[in-house]
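File shown: upload_18.txt (compact mmCIF, C-alpha atoms).
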```
# COMPACT_ATOMS: atom_id res chain seq x y z
CA MET M 107 71.88 -50.80 51.57
CA PRO M 108 71.91 -47.81 49.20
CA ASN M 109 68.70 -46.20 50.51
CA THR M 110 69.06 -44.19 53.72
CA THR M 111 67.15 -41.69 55.81
CA TYR M 112 68.05 -40.40 59.23
CA VAL M 113 67.37 -37.89 61.98
CA PRO M 114 70.71 -36.42 63.16
CA SER M 115 71.84 -36.58 66.76
CA VAL M 116 72.10 -33.58 69.05
CA GLY M 117 75.74 -33.69 70.09
CA GLN M 118 76.32 -37.29 71.16
CA ALA M 119 72.71 -37.90 72.15
CA GLY M 120 69.84 -39.24 70.05
CA GLY M 121 69.85 -39.79 66.32
CA ILE M 122 68.22 -42.62 64.39
CA VAL M 123 68.90 -44.06 60.93
CA LEU M 124 66.89 -46.33 58.62
CA MET M 125 68.50 -48.15 55.69
CA TRP M 126 66.97 -50.51 53.15
CA LYS M 127 67.86 -52.39 49.99
CA ASP M 128 66.56 -51.92 46.47
CA GLY M 129 63.87 -54.27 45.22
CA PHE M 130 60.81 -53.07 47.10
CA CYS M 131 58.96 -49.83 47.76
CA LEU M 132 59.38 -48.05 51.10
CA GLU M 133 57.70 -44.68 51.62
CA ILE M 134 58.50 -42.69 54.76
CA VAL M 135 55.25 -41.16 56.03
CA ASN M 136 56.51 -39.68 59.31
CA SER M 137 59.71 -39.42 61.34
CA SER M 138 60.88 -38.01 64.65
CA SER M 139 63.94 -38.19 66.88
CA SER M 140 62.90 -41.68 68.03
CA MET M 141 60.68 -43.16 65.29
CA PHE M 142 60.33 -43.82 61.59
CA HIS M 143 56.95 -44.77 60.13
CA ALA M 144 56.80 -46.13 56.60
CA LEU M 145 54.52 -47.86 54.11
CA VAL M 146 56.22 -50.94 52.65
CA THR M 147 55.35 -52.87 49.51
CA ASN M 148 57.58 -55.89 48.99
CA ASP M 149 54.99 -58.38 47.76
CA PRO M 150 52.21 -57.30 45.36
CA ALA M 151 50.19 -60.35 46.37
CA ARG M 152 49.92 -59.14 49.99
CA GLY M 153 49.66 -55.41 49.51
CA LYS M 154 51.12 -52.65 51.66
CA TRP M 155 52.04 -52.99 55.30
CA PHE M 156 52.96 -50.42 57.91
CA LEU M 157 56.43 -50.39 59.48
CA SER M 158 57.32 -48.47 62.64
CA CYS M 159 61.00 -48.46 63.65
CA VAL M 160 61.12 -47.24 67.23
CA TYR M 161 63.77 -46.33 69.77
CA GLY M 162 61.91 -46.51 73.07
CA THR M 163 62.83 -43.85 75.57
CA PRO M 164 64.73 -45.26 78.57
CA TYR M 165 63.29 -42.57 80.84
CA ARG M 166 60.22 -43.78 82.72
CA GLU M 167 58.77 -40.27 83.00
CA ASN M 168 58.65 -40.05 79.15
CA GLN M 169 57.47 -43.58 78.34
CA THR M 170 53.77 -42.95 78.92
CA ALA M 171 53.66 -40.09 76.39
CA GLN M 172 55.51 -42.14 73.77
CA TRP M 173 53.19 -45.12 74.09
CA GLU M 174 50.13 -42.87 74.23
CA TYR M 175 51.18 -41.61 70.79
CA ILE M 176 51.56 -45.20 69.53
CA LYS M 177 48.14 -46.13 70.93
CA ASN M 178 46.53 -43.20 69.10
CA LEU M 179 48.39 -44.19 65.93
CA SER M 180 46.91 -47.70 66.17
CA LYS M 181 43.45 -46.26 65.56
CA LEU M 182 44.60 -45.03 62.14
CA VAL M 183 46.49 -48.15 61.00
CA LYS M 184 44.07 -50.53 59.26
CA ILE M 185 46.65 -52.70 57.48
CA PRO M 186 49.33 -55.15 58.72
CA TRP M 187 51.56 -53.33 61.21
CA VAL M 188 55.04 -54.20 62.45
CA LEU M 189 56.58 -52.16 65.26
CA ILE M 190 60.22 -53.08 65.86
CA GLY M 191 63.33 -51.81 67.59
CA ASP M 192 64.97 -51.18 70.94
CA LEU M 193 61.69 -50.52 72.74
CA ASN M 194 63.29 -50.34 76.21
CA ILE M 195 60.40 -52.20 77.84
CA THR M 196 60.07 -55.55 79.62
CA PHE M 197 56.81 -57.33 80.25
CA ASP M 198 57.73 -59.52 83.23
CA MET M 199 60.55 -60.71 85.48
CA SER M 200 61.63 -63.47 83.05
CA GLU M 201 62.87 -60.79 80.63
CA ARG M 202 65.65 -59.57 82.94
CA ASN M 203 68.08 -61.21 85.34
CA THR M 204 67.93 -58.55 88.04
CA ASN M 205 65.28 -57.10 90.31
CA THR M 206 65.26 -53.77 88.50
CA ASN M 207 61.95 -52.00 88.04
CA SER M 208 59.82 -53.37 85.23
CA THR M 209 57.87 -51.28 82.75
CA SER M 210 54.96 -49.50 84.40
CA ASP M 211 51.49 -51.02 84.28
CA GLU M 212 50.28 -47.84 82.59
CA VAL M 213 52.58 -48.43 79.59
CA ILE M 214 51.63 -52.13 79.40
CA ASP M 215 47.95 -51.14 79.36
CA LEU M 216 48.59 -48.69 76.50
CA ILE M 217 50.21 -51.48 74.46
CA ARG M 218 47.18 -53.71 75.07
CA GLU M 219 44.79 -50.90 74.11
CA ALA M 220 46.75 -50.51 70.86
CA GLU M 221 46.06 -54.25 70.26
CA LEU M 222 49.74 -54.93 69.68
CA LEU M 223 51.05 -58.43 70.35
CA ASP M 224 54.58 -59.51 71.12
CA LEU M 225 55.83 -61.64 68.20
CA GLY M 226 58.06 -63.73 70.45
CA TYR M 227 61.57 -64.73 69.51
CA SER M 228 64.02 -67.49 68.74
CA GLY M 229 67.51 -67.46 70.28
CA ASN M 230 69.07 -65.97 73.39
CA PRO M 231 66.30 -64.66 75.71
CA PHE M 232 68.24 -61.45 76.42
CA THR M 233 69.05 -58.79 73.80
CA TRP M 234 71.00 -56.36 75.99
CA THR M 235 73.88 -56.90 78.42
CA SER M 236 76.11 -54.56 80.38
CA ASN M 237 79.10 -55.15 78.07
CA SER M 238 79.67 -55.47 74.32
CA HIS M 239 80.43 -59.22 74.32
CA GLY M 240 77.09 -60.52 75.57
CA THR M 241 78.64 -61.59 78.87
CA GLY M 242 77.67 -58.66 81.09
CA ARG M 243 76.26 -59.38 84.51
CA ILE M 244 73.09 -57.35 83.90
CA LYS M 245 70.84 -58.62 81.09
CA SER M 246 67.42 -57.73 79.71
CA ARG M 247 65.20 -58.31 76.71
CA LEU M 248 64.78 -54.73 75.48
CA ASP M 249 64.64 -55.30 71.71
CA ARG M 250 61.49 -56.85 70.26
CA SER M 251 58.79 -56.71 67.60
CA LEU M 252 55.13 -55.97 68.25
CA VAL M 253 52.52 -56.70 65.56
CA ASN M 254 48.78 -56.33 65.07
CA ASN M 255 46.34 -59.09 64.17
CA ASP M 256 46.33 -58.16 60.48
CA CYS M 257 50.07 -58.81 60.35
CA LEU M 258 49.71 -62.29 61.84
CA ILE M 259 47.01 -63.11 59.29
CA THR M 260 48.89 -61.70 56.27
CA PHE M 261 52.31 -63.04 57.31
CA PRO M 262 51.58 -66.23 59.27
CA ASP M 263 55.20 -67.46 58.96
CA SER M 264 56.72 -64.30 60.46
CA LYS M 265 59.23 -64.77 63.27
CA LEU M 266 61.88 -62.78 65.13
CA LEU M 267 65.44 -64.04 65.58
CA HIS M 268 67.85 -62.86 68.26
CA LEU M 269 71.31 -62.94 66.67
CA PRO M 270 74.58 -63.18 68.65
CA ILE M 271 75.92 -59.99 70.20
CA LYS M 272 79.11 -58.73 68.56
CA GLY M 273 80.56 -55.24 68.90
CA SER M 274 77.59 -53.77 70.75
CA ASP M 275 75.76 -54.16 74.04
CA HIS M 276 72.61 -54.95 72.03
CA ALA M 277 71.91 -58.07 69.99
CA PRO M 278 70.82 -57.56 66.37
CA ILE M 279 67.25 -58.73 65.82
CA LEU M 280 66.12 -60.14 62.49
CA LEU M 281 62.47 -60.13 61.41
CA SER M 282 61.60 -62.81 58.86
CA LEU M 283 58.20 -62.62 57.17
CA TYR M 284 58.50 -65.71 54.98
CA THR M 285 59.71 -69.28 54.99
CA ASN M 286 62.89 -69.34 52.92
CA PHE M 287 63.39 -71.99 50.24
CA ALA M 288 66.92 -73.22 49.66
CA ASP M 289 68.45 -72.48 46.28
CA SER M 290 69.67 -75.77 44.83
CA ASN M 291 71.16 -74.33 41.62
CA LYS M 292 74.79 -73.41 42.26
CA THR M 293 77.51 -72.66 39.75
CA TRP M 294 81.16 -73.57 40.26
CA LYS M 295 83.60 -70.71 40.85
CA PHE M 296 87.32 -70.39 41.42
CA PHE M 297 87.79 -68.04 44.38
CA GLU M 298 90.81 -65.78 44.74
CA HIS M 299 91.15 -66.48 48.46
CA TRP M 300 92.10 -70.07 47.55
CA LEU M 301 95.43 -68.77 46.26
CA GLN M 302 96.28 -67.52 49.75
CA ASN M 303 96.76 -71.15 50.73
CA ASP M 304 100.17 -72.53 49.65
CA THR M 305 98.80 -75.94 48.68
CA CYS M 306 96.36 -74.60 46.06
CA VAL M 307 98.92 -74.35 43.23
CA ASN M 308 100.09 -77.94 43.77
CA GLU M 309 96.50 -79.18 43.73
CA ILE M 310 95.97 -77.48 40.37
CA LYS M 311 99.17 -78.97 38.93
CA ASN M 312 98.24 -82.46 40.11
CA ALA M 313 94.66 -82.12 38.87
CA TRP M 314 95.85 -80.99 35.44
CA VAL M 315 97.77 -84.24 34.89
CA SER M 316 95.50 -86.50 32.89
CA ASN M 317 96.02 -89.65 30.84
CA THR M 318 92.84 -89.10 28.84
CA ALA M 319 93.14 -89.77 25.11
CA GLY M 320 91.06 -88.26 22.34
CA PHE M 321 90.56 -85.00 20.52
CA ALA M 322 92.33 -81.94 21.93
CA ALA M 323 89.02 -80.25 22.84
CA TYR M 324 87.87 -83.35 24.73
CA ILE M 325 91.17 -83.59 26.63
CA MET M 326 90.96 -79.91 27.56
CA SER M 327 87.37 -80.34 28.77
CA ASP M 328 88.35 -83.39 30.82
CA LYS M 329 91.24 -81.52 32.44
CA PHE M 330 88.92 -78.66 33.40
CA SER M 331 86.36 -81.07 34.82
CA ASN M 332 89.02 -82.96 36.79
CA THR M 333 90.46 -79.70 38.15
CA ARG M 334 87.04 -78.48 39.26
CA HIS M 335 86.41 -81.77 41.05
CA ILE M 336 89.79 -81.86 42.78
CA LEU M 337 89.63 -78.21 43.85
CA SER M 338 86.09 -78.62 45.18
CA LEU M 339 87.21 -81.49 47.41
CA TRP M 340 90.33 -79.56 48.44
CA SER M 341 88.32 -76.43 49.29
CA LYS M 342 85.88 -78.49 51.35
CA ASN M 343 88.75 -79.99 53.36
CA ILE M 344 90.71 -76.74 53.78
CA PHE M 345 88.00 -74.10 54.13
CA GLY M 346 84.87 -76.14 54.61
CA ASN M 347 81.50 -74.44 54.46
CA ILE M 348 82.54 -70.90 55.44
CA GLN M 349 79.02 -69.69 56.14
CA GLY M 350 78.33 -72.92 58.00
CA ARG M 351 81.44 -72.42 60.13
CA ILE M 352 80.45 -68.81 60.83
CA THR M 353 76.96 -69.97 61.77
CA ALA M 354 78.37 -72.66 64.08
CA LEU M 355 80.68 -70.13 65.73
CA GLN M 356 77.80 -67.70 66.14
CA GLN M 357 75.83 -70.48 67.81
CA GLN M 358 78.77 -71.10 70.16
CA LEU M 359 78.92 -67.37 70.80
CA GLU M 360 75.23 -67.28 71.55
CA GLN M 361 75.49 -70.29 73.86
CA LEU M 362 78.39 -68.77 75.80
CA GLN M 363 76.51 -65.50 76.14
CA HIS M 364 73.34 -67.33 77.15
CA THR M 365 75.03 -69.42 79.86
CA ASP M 366 77.28 -66.64 81.12
CA VAL M 367 76.35 -65.62 84.65
CA ARG M 368 78.97 -63.22 85.94
CA GLY M 369 81.26 -62.47 83.02
CA MET M 370 83.14 -65.78 83.16
CA HIS M 371 83.20 -66.41 79.40
CA THR M 372 84.65 -63.15 78.11
CA GLU M 373 88.01 -64.64 77.04
CA LYS M 374 86.33 -67.48 75.11
CA VAL M 375 83.98 -65.00 73.47
CA LEU M 376 86.91 -62.82 72.36
CA ASN M 377 88.65 -65.83 70.73
CA ILE M 378 85.49 -66.78 68.85
CA GLU M 379 84.99 -63.19 67.71
CA LYS M 380 88.53 -63.19 66.25
CA GLU M 381 87.84 -66.44 64.38
CA ILE M 382 84.56 -65.06 63.01
CA ASP M 383 86.39 -61.93 61.82
CA SER M 384 88.95 -64.09 60.00
CA LEU M 385 86.25 -66.11 58.25
CA ASN M 386 84.38 -62.92 57.38
CA GLU M 387 87.53 -61.71 55.57
CA VAL M 388 87.52 -64.87 53.45
CA GLN M 389 83.81 -64.55 52.78
CA ALA M 390 84.20 -60.88 51.85
CA SER M 391 86.64 -61.88 49.11
CA SER M 392 84.12 -64.34 47.67
CA TYR M 393 81.36 -61.70 47.72
CA ILE M 394 83.57 -59.39 45.65
CA GLN M 395 83.71 -62.05 42.95
CA LYS M 396 80.03 -62.96 43.20
CA SER M 397 79.09 -59.31 42.69
CA LYS M 398 80.83 -59.47 39.27
CA ASP M 399 82.03 -55.91 39.73
CA HIS M 400 84.95 -55.33 37.34
CA TYR M 401 86.25 -52.23 39.10
CA TYR M 402 86.78 -53.49 42.62
CA ASN M 403 90.59 -53.25 42.27
CA ASP M 404 90.23 -49.47 41.91
CA LEU M 405 87.96 -49.09 44.94
CA ASP M 406 88.30 -49.26 48.69
CA LYS M 407 87.60 -52.60 50.32
CA ASN M 408 83.94 -51.84 50.96
CA THR M 409 82.68 -55.35 51.67
CA LYS M 410 79.11 -54.15 52.37
CA TYR M 411 78.97 -52.68 48.86
CA PHE M 412 80.01 -55.95 47.23
CA HIS M 413 77.72 -57.91 49.54
CA PHE M 414 74.83 -55.72 48.40
CA THR M 415 75.76 -56.06 44.72
CA ALA M 416 75.90 -59.86 44.95
CA ASN M 417 72.56 -60.03 46.75
CA GLN M 418 70.99 -57.57 44.32
CA ARG M 419 71.82 -59.94 41.46
CA ARG M 420 70.31 -62.81 43.45
CA VAL M 421 67.08 -60.85 44.04
CA ARG M 422 66.64 -60.19 40.32
CA ASN M 423 66.82 -63.92 39.63
CA LYS M 424 64.14 -64.82 42.18
CA ILE M 425 60.40 -65.27 41.69
CA ASP M 426 58.53 -64.32 44.86
CA SER M 427 54.89 -64.75 43.81
CA LEU M 428 52.83 -66.26 41.00
CA GLN M 429 49.33 -65.21 39.98
CA VAL M 430 47.07 -68.09 38.97
CA VAL M 431 44.64 -67.85 36.06
CA ASP M 432 41.71 -67.37 38.46
CA GLY M 433 43.40 -64.25 39.93
CA THR M 434 44.62 -65.76 43.20
CA TRP M 435 48.23 -65.57 44.36
CA CYS M 436 50.52 -68.32 45.57
CA GLN M 437 53.90 -68.35 47.31
CA ASP M 438 54.12 -72.10 48.02
CA LYS M 439 56.92 -73.67 45.98
CA LYS M 440 55.07 -76.99 45.69
CA PHE M 441 52.02 -75.15 44.34
CA TYR M 442 54.09 -73.78 41.42
CA ARG M 443 54.49 -77.24 39.89
CA ARG M 444 50.81 -78.11 39.70
CA THR M 445 49.33 -74.72 38.77
CA SER M 446 49.25 -72.88 35.46
CA CYS M 447 50.07 -69.22 36.05
CA LEU M 448 49.20 -66.03 34.21
CA THR M 449 51.44 -63.32 35.68
CA VAL M 450 54.90 -63.47 37.22
CA TYR M 451 56.34 -60.90 39.65
CA GLY M 452 60.07 -61.10 40.38
```

Show this structure as structure tokens.
Amino acid sequence: MPNTTYVPSVGQAGGIVLMWKDGFCLEIVNSSSSMFHALVTNDPARGKWFLSCVYGTPYRENQTAQWEYIKNLSKLVKIPWVLIGDLNITFDMSERNTNTNSTSDEVIDLIREAELLDLGYSGNPFTWTSNSHGTGRIKSRLDRSLVNNDCLITFPDSKLLHLPIKGSDHAPILLSLYTNFADSNKTWKFFEHWLQNDTCVNEIKNAWVSNTAGFAAYIMSDKFSNTRHILSLWSKNIFGNIQGRITALQQQLEQLQHTDVRGMHTEKVLNIEKEIDSLNEVQASSYIQKSKDHYYNDLDKNTKYFHFTANQRRVRNKIDSLQVVDGTWCQDKKFYRRTSCLTVYG
């Protein structure tokens, strides 16, 4: 994420940072020690929407003033609005596993007066625990997204995902505004991490043996095709679907954290975290190749940089919206096939 803005901390307290990728317009309109407010344009068919990234104060005596400011801001926002972050509020007893004090009725009333609605979630019901492995004895749902009615109308498929906790006492939350379509066009690649397995060289030697007769160019092409086929099967058996394995492990991690009552699953969680780290190393190597960066051998192993570069290429090859001849916009993939279009936005 090459675009960054931040408010520095005071000593070890406070501080907030906002980072975003290239490919859409984000204009910071206001910032403070606990909030960023921005106008976002990522889809010309749906226009601008308002984003508020908020760190909610954990001090009850300061919460009313913070939410009074947000309520007053709601009177000025007349476009889709997403408010997201560690809001440090809970709405009812189901959002915590202890009898600690809930958010005051005064703050809840201010949220209602601002006409902000909780988007809900998918995943573990708690986003904060009293340790960094998701197995702490005290748990709460402190991180969430609030939206206005315009947002629900403009982005009807929006949803919030609670991801597994790893390396923090808070769970990452992921806001998705669209329904994602799977990309069925994949090219074959030889990945360098394959060579770390001792059996790879033998598989290549065996695959290269061919009894095909014909012109030299045809034999060469057949050997390449046979090698690709053999290595694909070998990679599937040895490495499997790396992202799928990571996802499965993250689901196990989430399940262990979800069912943990009094820190009984910490050892299992640590083992799964180690396995995820190992698979992430393999995946990082593949992202370096997918980024097609020719200078990575001269650089530090900055996997986030290569991850960004690979995804940036993918974004440029994606069509998000199509404008029909009558001026309307469509995002439905099925609609593309039966509609003649005038303008394309990538």

Using all atoms listed in the file, determine which residues lie at most 12 Å from segment 344-358 of chain M, disregarding the query and same-chain residues fewer than 5 positions distant; provide the list as a ChimeraX atom specification.
-> /M:229-230,240,268-272,277,297,299-306,309,337-339,363-366,371,374-393

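Closest approach to Asp149 of chain M from the set M:Leu283, M:Leu189, M:Ile176, M:Ile336 is made by M:Leu283, with distances taken over only C-alpha atoms.
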
What separates atom CA of Asn194 of chain M and atom CA of Thr170 of chain M is a distance of 12.4 Å

Asp198 of chain M: which residues within 9 Å, counting only C-alpha atoms, same-chain residues fewer than 4 positions away excluded, as a PyMOL selection string?
-> chain M and resi 202+208-209

Of the listed residues M:Lys265, M:Arg368, M:Arg152, M:Asn168, that which approaches Gln429 of chain M most closely, counting all atoms listed in the file = M:Arg152

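Each of M:Ile279, M:Leu248, M:Ile310, M:Cys436 was checked against Ser200 of chain M using all atoms listed in the file; the smallest atom-to-atom distance is that of M:Leu248.
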
note - atom CA of Arg334 of chain M and atom CA of Ala313 of chain M are separated by 8.5 Å

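Among the candidates M:Ser251, M:Asn312, M:Ser246, M:Thr372, the residue lying nearest to Ser282 of chain M is M:Ser251 (atoms considered: only C-alpha atoms).
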
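Proximity of M:Asn254, M:Gly129, M:Gly433, M:His276 to Thr241 of chain M, computed with all atoms listed in the file, is greatest for M:His276.
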
With distances taken over all atoms listed in the file, the candidate from M:Leu179, M:Leu258, M:Ile190, M:Val367 nearest Val160 of chain M is M:Ile190

Pairwise distance for atom CA of Pro186 of chain M and atom CA of Asp256 of chain M, rounded to one decimal in Å |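 Interatomic distance here is 4.6 Å.
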
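Those residues that approach Pro114 of chain M to within 12 Å, counting only C-alpha atoms, are Thr111, Tyr112, Val116, Gly117, Gln118, Ala119, Gly120, Gly121, Ile122, Val123, Leu124, Ser137, Ser138, Ser139 and Ser140 of chain M; same-chain residues fewer than 2 positions away are not listed.
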
Taking every listed atom of segment 157-163 of chain M and adding 4 Å to each side, what centre and edge lengths in Å (one decimal) does the axis-aligned box have, as AutoDock Vina command-line options?
```
--center_x 60.1 --center_y -47.1 --center_z 67.5 --size_x 15.3 --size_y 14.5 --size_z 24.1
```

Skipping near chain neighbours, those fewer than 2 positions away, what residues fall within 10 Å of segment 223-226 of chain M using all atoms listed in the file, listed as a VMD selection string?
-> chain M and resid 188 to 190 197 217 to 218 220 to 221 228 231 250 to 255 258 264 to 267 281

Your completed segment 370-385 of chain M with N, CA, C and O atoms, as an mmCIF file, keeping the file's coordinate frame:
```cif
data_model
loop_
_atom_site.group_PDB
_atom_site.id
_atom_site.type_symbol
_atom_site.label_atom_id
_atom_site.label_comp_id
_atom_site.auth_asym_id
_atom_site.auth_seq_id
_atom_site.Cartn_x
_atom_site.Cartn_y
_atom_site.Cartn_z
ATOM 1 N N MET M 370 82.095 -64.756 83.109
ATOM 2 C CA MET M 370 83.140 -65.780 83.160
ATOM 3 C C MET M 370 83.627 -66.203 81.775
ATOM 4 O O MET M 370 84.656 -66.849 81.661
ATOM 5 N N HIS M 371 82.888 -65.878 80.732
ATOM 6 C CA HIS M 371 83.200 -66.410 79.400
ATOM 7 C C HIS M 371 83.798 -65.367 78.462
ATOM 8 O O HIS M 371 83.896 -65.605 77.256
ATOM 9 N N THR M 372 84.188 -64.235 78.984
ATOM 10 C CA THR M 372 84.650 -63.150 78.110
ATOM 11 C C THR M 372 85.832 -63.561 77.246
ATOM 12 O O THR M 372 85.879 -63.267 76.047
ATOM 13 N N GLU M 373 86.824 -64.249 77.806
ATOM 14 C CA GLU M 373 88.010 -64.640 77.040
ATOM 15 C C GLU M 373 87.642 -65.583 75.897
ATOM 16 O O GLU M 373 88.124 -65.445 74.766
ATOM 17 N N LYS M 374 86.763 -66.570 76.164
ATOM 18 C CA LYS M 374 86.330 -67.480 75.110
ATOM 19 C C LYS M 374 85.573 -66.736 74.021
ATOM 20 O O LYS M 374 85.747 -67.011 72.833
ATOM 21 N N VAL M 375 84.741 -65.784 74.434
ATOM 22 C CA VAL M 375 83.980 -65.000 73.470
ATOM 23 C C VAL M 375 84.908 -64.199 72.573
ATOM 24 O O VAL M 375 84.720 -64.124 71.349
ATOM 25 N N LEU M 376 85.958 -63.600 73.144
ATOM 26 C CA LEU M 376 86.910 -62.820 72.360
ATOM 27 C C LEU M 376 87.611 -63.683 71.315
ATOM 28 O O LEU M 376 87.816 -63.261 70.170
ATOM 29 N N ASN M 377 87.984 -64.914 71.679
ATOM 30 C CA ASN M 377 88.650 -65.830 70.730
ATOM 31 C C ASN M 377 87.706 -66.187 69.577
ATOM 32 O O ASN M 377 88.125 -66.249 68.412
ATOM 33 N N ILE M 378 86.444 -66.443 69.904
ATOM 34 C CA ILE M 378 85.490 -66.780 68.850
ATOM 35 C C ILE M 378 85.238 -65.588 67.947
ATOM 36 O O ILE M 378 85.120 -65.723 66.722
ATOM 37 N N GLU M 379 85.179 -64.390 68.523
ATOM 38 C CA GLU M 379 84.990 -63.190 67.710
ATOM 39 C C GLU M 379 86.136 -63.012 66.720
ATOM 40 O O GLU M 379 85.920 -62.635 65.561
ATOM 41 N N LYS M 380 87.390 -63.298 67.156
ATOM 42 C CA LYS M 380 88.530 -63.190 66.250
ATOM 43 C C LYS M 380 88.408 -64.198 65.100
ATOM 44 O O LYS M 380 88.708 -63.885 63.941
ATOM 45 N N GLU M 381 87.977 -65.415 65.420
ATOM 46 C CA GLU M 381 87.840 -66.440 64.380
ATOM 47 C C GLU M 381 86.731 -66.068 63.397
ATOM 48 O O GLU M 381 86.877 -66.284 62.183
ATOM 49 N N ILE M 382 85.644 -65.506 63.896
ATOM 50 C CA ILE M 382 84.560 -65.060 63.010
ATOM 51 C C ILE M 382 85.051 -63.948 62.093
ATOM 52 O O ILE M 382 84.755 -63.929 60.888
ATOM 53 N N ASP M 383 85.843 -63.012 62.636
ATOM 54 C CA ASP M 383 86.390 -61.930 61.820
ATOM 55 C C ASP M 383 87.266 -62.471 60.702
ATOM 56 O O ASP M 383 87.227 -61.988 59.567
ATOM 57 N N SER M 384 88.074 -63.489 61.019
ATOM 58 C CA SER M 384 88.950 -64.090 60.000
ATOM 59 C C SER M 384 88.135 -64.731 58.889
ATOM 60 O O SER M 384 88.446 -64.571 57.709
ATOM 61 N N LEU M 385 87.085 -65.480 59.260
ATOM 62 C CA LEU M 385 86.250 -66.110 58.250
ATOM 63 C C LEU M 385 85.466 -65.077 57.450
ATOM 64 O O LEU M 385 85.213 -65.264 56.255
#
```
